[in-house]
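Novice: Got a structure for you, questions after.
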Amino acid sequence: MGFSRSDRRLIVITVMASAAAGVTHFGEVGGTVVPFVVAAIALALLASLVGRSVENLADRLGAGATGVVQSALGNLPELFVVLFALQKKLYDVATATIVGSILANVLLVLGLAFLLGGIKNGPQKFGSEAARTLSTLLVLSVAALLVPSLTAALGSHATKAALHERNLSVVVSILLLCLFAVSLPSSIKRQKADEAHAPAERPVKAAALSAAGTAVGDDVAGTAEPTAAKPEKPAADTAKESAHGPTWPLAVALTMLAVTGVGAAFVSDWFVAALEPAMDSLGISQAFAGLVIVAIAGNAVENVVGIQLALKNQSDFALSVILQSPLQIALVVAPALVLLSPLVGASFTLVLSPLLIAVLIMAVVITVLVVLDGESNWLEGATLMVLYGIIATAFWWG
């Protein structure tokens, strides 16, 4: 079938974790905490398999399209989790998860990447132009996302505005999705241009890079052609150096993508079912559960990839991977939740609490200030992580 050893290992572990999640859910085994922990692990592993499946479509779809599909499908588990949370009327979990996903990437994961990459490699430089572009898009998308909240909180007719929160959220969501759609052609075109000028000195980075998202997909295609960079290495050695290359047949990749998508839906339902009893047992508030636990579980795989790239001193790709995720949350996931929430009998809006608004604005502004100089070090990473810890602590009690 074309499965590598790491593929088979991941598939076996994922099946075992998903089966364990089903047993603890239906058999009511392990009290209130064990089913929650097992379901969270299974969810993270399924997200990894979704990314692996998309990666193996790279040769057929091209780098640009692969990046788009990866970004969209990589957030499927998180989308399912929030939808099931909305179905159970856990609105605080849902809204906190959206904000928490952004915070976890721009503070915790970026901080970890800067910290570990700085300790191992010293100060790391990345393209200031790319950092500026990503930062600008992040600020604009988050600003648009906050308009309904600011209208409800600061509008001169706040009471009247509250009556139209749903309508305003729908309009903003449609416009954000339109912005995402119209940006796709230019994004793919830019990636093709990057491929034409990609350096030939990075021989085999397909595994980590293609799994990382849009910017990483560029490098996969860019490095696929210059195979003569190290002609003395046979193909077998090259395959061993790459943790996993795009070797699955098309039918296998599509089947795996469909199976993991369905599996993610089931496990997400079990995860949310175990969430409420676990919160009661551990004394965790809905806000903390969404902001920290659900957000990190839903983005675990992408987070690991970004940190790995920083450790390999590929700071440009690490920054792109880490900042692409919050962009997708703001441009795609949050608007999709607004439009899909009526299907589960809920009415989700983009109106956030004042504290969520404040920490989101603060996190984005600080992230922009940190990355605009085009250089990172371990101290900046430690500072970002400390700020994330302080924010998470503030939400522990609700």
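Chain lettering (A, B, ...) mirrors the order of the structure tokens, residue numbering begins at 1 for each chain separately, and ligand numbering begins at 1 in order of display.
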Which residues are close to Phe126 of chain A, i.e. within 12 Å by only C-alpha atoms, leaving aside same-chain residues fewer than 2 positions away? Reply as a short mmCIF file (atom, residue, chain, number, x, y, z; two decimals) with N, CA, C and O atoms, in the first residue's frame.

Specialist:
data_model
loop_
_atom_site.label_atom_id
_atom_site.label_comp_id
_atom_site.auth_asym_id
_atom_site.auth_seq_id
_atom_site.Cartn_x
_atom_site.Cartn_y
_atom_site.Cartn_z
N PHE A 114 10.53 29.69 19.61
CA PHE A 114 11.62 30.65 19.84
C PHE A 114 12.55 30.18 20.95
O PHE A 114 13.77 30.30 20.84
N PRO A 123 20.31 32.97 18.27
CA PRO A 123 19.32 33.85 17.63
C PRO A 123 19.00 33.38 16.21
O PRO A 123 19.91 33.05 15.44
N GLN A 124 17.72 33.34 15.88
CA GLN A 124 17.29 32.86 14.56
C GLN A 124 16.68 34.00 13.77
O GLN A 124 15.92 34.81 14.30
N SER A 128 11.86 39.11 6.97
CA SER A 128 11.03 40.18 7.55
C SER A 128 9.81 40.45 6.69
O SER A 128 8.74 40.83 7.20
N GLU A 129 9.92 40.27 5.37
CA GLU A 129 8.77 40.52 4.50
C GLU A 129 7.67 39.49 4.75
O GLU A 129 6.49 39.84 4.85
N ALA A 130 8.06 38.23 4.85
CA ALA A 130 7.07 37.19 5.14
C ALA A 130 6.44 37.41 6.52
O ALA A 130 5.23 37.26 6.69
N ALA A 131 7.27 37.78 7.50
CA ALA A 131 6.74 38.04 8.83
C ALA A 131 5.77 39.22 8.82
O ALA A 131 4.73 39.19 9.48
N ARG A 132 6.11 40.24 8.05
CA ARG A 132 5.24 41.41 7.96
C ARG A 132 3.90 41.05 7.30
O ARG A 132 2.83 41.50 7.75
N ALA A 310 11.58 24.76 14.04
CA ALA A 310 12.45 25.72 14.73
C ALA A 310 13.71 25.03 15.26
O ALA A 310 14.80 25.60 15.19
N ASN A 313 16.35 24.70 12.82
CA ASN A 313 16.82 26.02 12.37
C ASN A 313 16.15 26.46 11.08
O ASN A 313 16.71 27.25 10.32
N GLN A 314 14.93 25.98 10.82
CA GLN A 314 14.15 26.42 9.67
C GLN A 314 13.11 27.43 10.18
O GLN A 314 11.91 27.19 10.20
N SER A 315 13.62 28.57 10.61
CA SER A 315 12.78 29.53 11.29
C SER A 315 11.72 30.14 10.38
O SER A 315 10.62 30.47 10.84
N ASP A 316 12.03 30.33 9.09
CA ASP A 316 11.04 30.87 8.16
C ASP A 316 9.81 29.97 8.10
O ASP A 316 8.67 30.43 8.20
N PHE A 317 10.06 28.67 7.93
CA PHE A 317 8.96 27.73 7.83
C PHE A 317 8.23 27.58 9.16
O PHE A 317 7.01 27.45 9.20
N ALA A 318 8.98 27.59 10.25
CA ALA A 318 8.36 27.47 11.57
C ALA A 318 7.38 28.62 11.81
O ALA A 318 6.26 28.42 12.27
N LEU A 319 7.83 29.84 11.48
CA LEU A 319 6.96 31.00 11.67
C LEU A 319 5.71 30.90 10.81
O LEU A 319 4.59 31.19 11.26
N SER A 320 5.89 30.48 9.55
CA SER A 320 4.75 30.37 8.65
C SER A 320 3.75 29.33 9.14
O SER A 320 2.55 29.55 9.14
N VAL A 370 6.96 41.30 18.24
CA VAL A 370 8.07 40.35 18.39
C VAL A 370 8.63 39.92 17.03
O VAL A 370 9.85 39.78 16.87
N VAL A 371 7.76 39.70 16.04
CA VAL A 371 8.22 39.11 14.78
C VAL A 371 8.64 40.14 13.73
O VAL A 371 9.32 39.78 12.76
N LEU A 372 8.25 41.39 13.91
CA LEU A 372 8.51 42.36 12.84
C LEU A 372 9.99 42.65 12.63
O LEU A 372 10.39 43.08 11.54
N ASP A 373 10.83 42.42 13.64
CA ASP A 373 12.25 42.70 13.45
C ASP A 373 12.98 41.60 12.69
O ASP A 373 14.16 41.72 12.37
N GLY A 374 12.26 40.49 12.39
CA GLY A 374 12.86 39.43 11.60
C GLY A 374 13.87 38.58 12.34
O GLY A 374 14.66 37.86 11.72
N GLU A 375 13.87 38.63 13.68
CA GLU A 375 14.82 37.85 14.45
C GLU A 375 14.18 37.41 15.76
O GLU A 375 13.34 38.13 16.33
N SER A 376 14.54 36.22 16.22
CA SER A 376 13.99 35.71 17.48
C SER A 376 15.11 35.17 18.34
O SER A 376 16.19 34.82 17.86
N ASN A 377 14.86 35.10 19.64
CA ASN A 377 15.82 34.50 20.57
C ASN A 377 15.04 33.80 21.68
O ASN A 377 13.82 33.93 21.79
#

Novice: When distances are computed from only C-alpha atoms, which of A:Gln328, A:Ser149, A:Asn75, A:Thr367 shows the smallest separation from Pro354 of chain A?

Specialist: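 Among the listed residues, A:Ser149 lies closest to Pro354 of chain A.
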
Novice: Restricting the calculation to only C-alpha atoms: of A:Ser135, A:Asp92, A:Ala253, A:Arg8, which residue gets closest to Gly51 of chain A?

Specialist: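 Result for the nearest residue to Gly51 of chain A: A:Ala253.
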
Novice: So, with only C-alpha atoms as the atoms that count, which of A:Leu90, A:Val267, A:Leu179, A:Ala113 lies closest to Ala39 of chain A?

Specialist: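 Going through A:Leu90, A:Val267, A:Leu179, A:Ala113 one by one, the smallest distance to Ala39 of chain A is for A:Val267.
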
Novice: What separation in Å, quoted to one decimal, exists between atom CA of Asn56 of chain A and atom CA of Trp248 of chain A?

Specialist: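 Here the two named atoms are 5.9 Å from each other.
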
Novice: Would you pick out the contacts of Ser353 of chain A at 10 Å or less, using only C-alpha atoms, so that residues sharing its chain but fewer than 5 positions from it are not included, and give the list as an mmCIF file with C-alpha atoms, in the first residue's frame?

Specialist:
data_model
loop_
_atom_site.group_PDB
_atom_site.id
_atom_site.type_symbol
_atom_site.label_atom_id
_atom_site.label_comp_id
_atom_site.auth_asym_id
_atom_site.auth_seq_id
_atom_site.Cartn_x
_atom_site.Cartn_y
_atom_site.Cartn_z
ATOM 1 C CA ASP A 92 -18.365 29.352 26.997
ATOM 2 C CA THR A 95 -16.098 30.853 22.326
ATOM 3 C CA ALA A 96 -13.069 30.256 24.534
ATOM 4 C CA SER A 149 -17.949 42.042 20.034
ATOM 5 C CA LEU A 150 -16.945 45.693 19.975
ATOM 6 C CA ALA A 152 -22.163 44.891 21.272
ATOM 7 C CA ALA A 153 -19.912 46.257 24.027
ATOM 8 C CA ALA A 358 -8.640 42.187 25.753
#

Novice: Rank A:Val37, A:Leu108, A:Val333, A:Ile322 by their smallest atom-to-atom distance to Leu384 of chain A, using only C-alpha atoms, and report the top residue only.

Specialist: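 Of A:Val37, A:Leu108, A:Val333, A:Ile322, the one nearest Leu384 of chain A, counting only C-alpha atoms, is A:Leu108.
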
Novice: Using only C-alpha atoms, can you tell me which of A:Ile11, A:Ile284, A:Leu177, A:Val386 comes closest to Ala47 of chain A?

Specialist: A:Ile11

Novice: Find the residue from A:Val15, A:Leu176, A:Leu184, A:Val272 that sits nearest to Gln286 of chain A; use only C-alpha atoms when measuring.

Specialist: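 Between A:Val15, A:Leu176, A:Leu184, A:Val272, the residue approaching Gln286 of chain A most closely is A:Val272.
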
Novice: Just give me the gap between atom CA of Asn121 of chain A and atom CA of Leu309 of chain A in Å, one decimal is fine.

Specialist: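 Computing it gives 11.7 Å between the two atoms.
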
Novice: As a list in words, please: the residues near Ser173 of chain A (cut-off 10 Å, only C-alpha atoms, same-chain neighbours under 4 positions excluded).

Specialist: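 The residues satisfying every condition are Ala144, Leu145, Asn167, Leu168, Ser169, Leu177, Cys178, Leu179, Ala330, Leu331, Val332, Val333, Ala334, Pro335, Ala336, Leu337, Val338, Leu339, Thr349 and Leu350 of chain A.
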
Novice: So which residues touch Val292 of chain A within 9 Å, counting only C-alpha atoms, skipping near sequence neighbours fewer than 2 positions away, as a list in words?

Specialist: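 Listing them by chain and then by number gives Ala96, Thr97, Gly100, Ser101, Leu103, Ala104, Ala287, Phe288, Ala289, Gly290, Val294, Ala295, Ile296, Ala297 and Ala392 of chain A.
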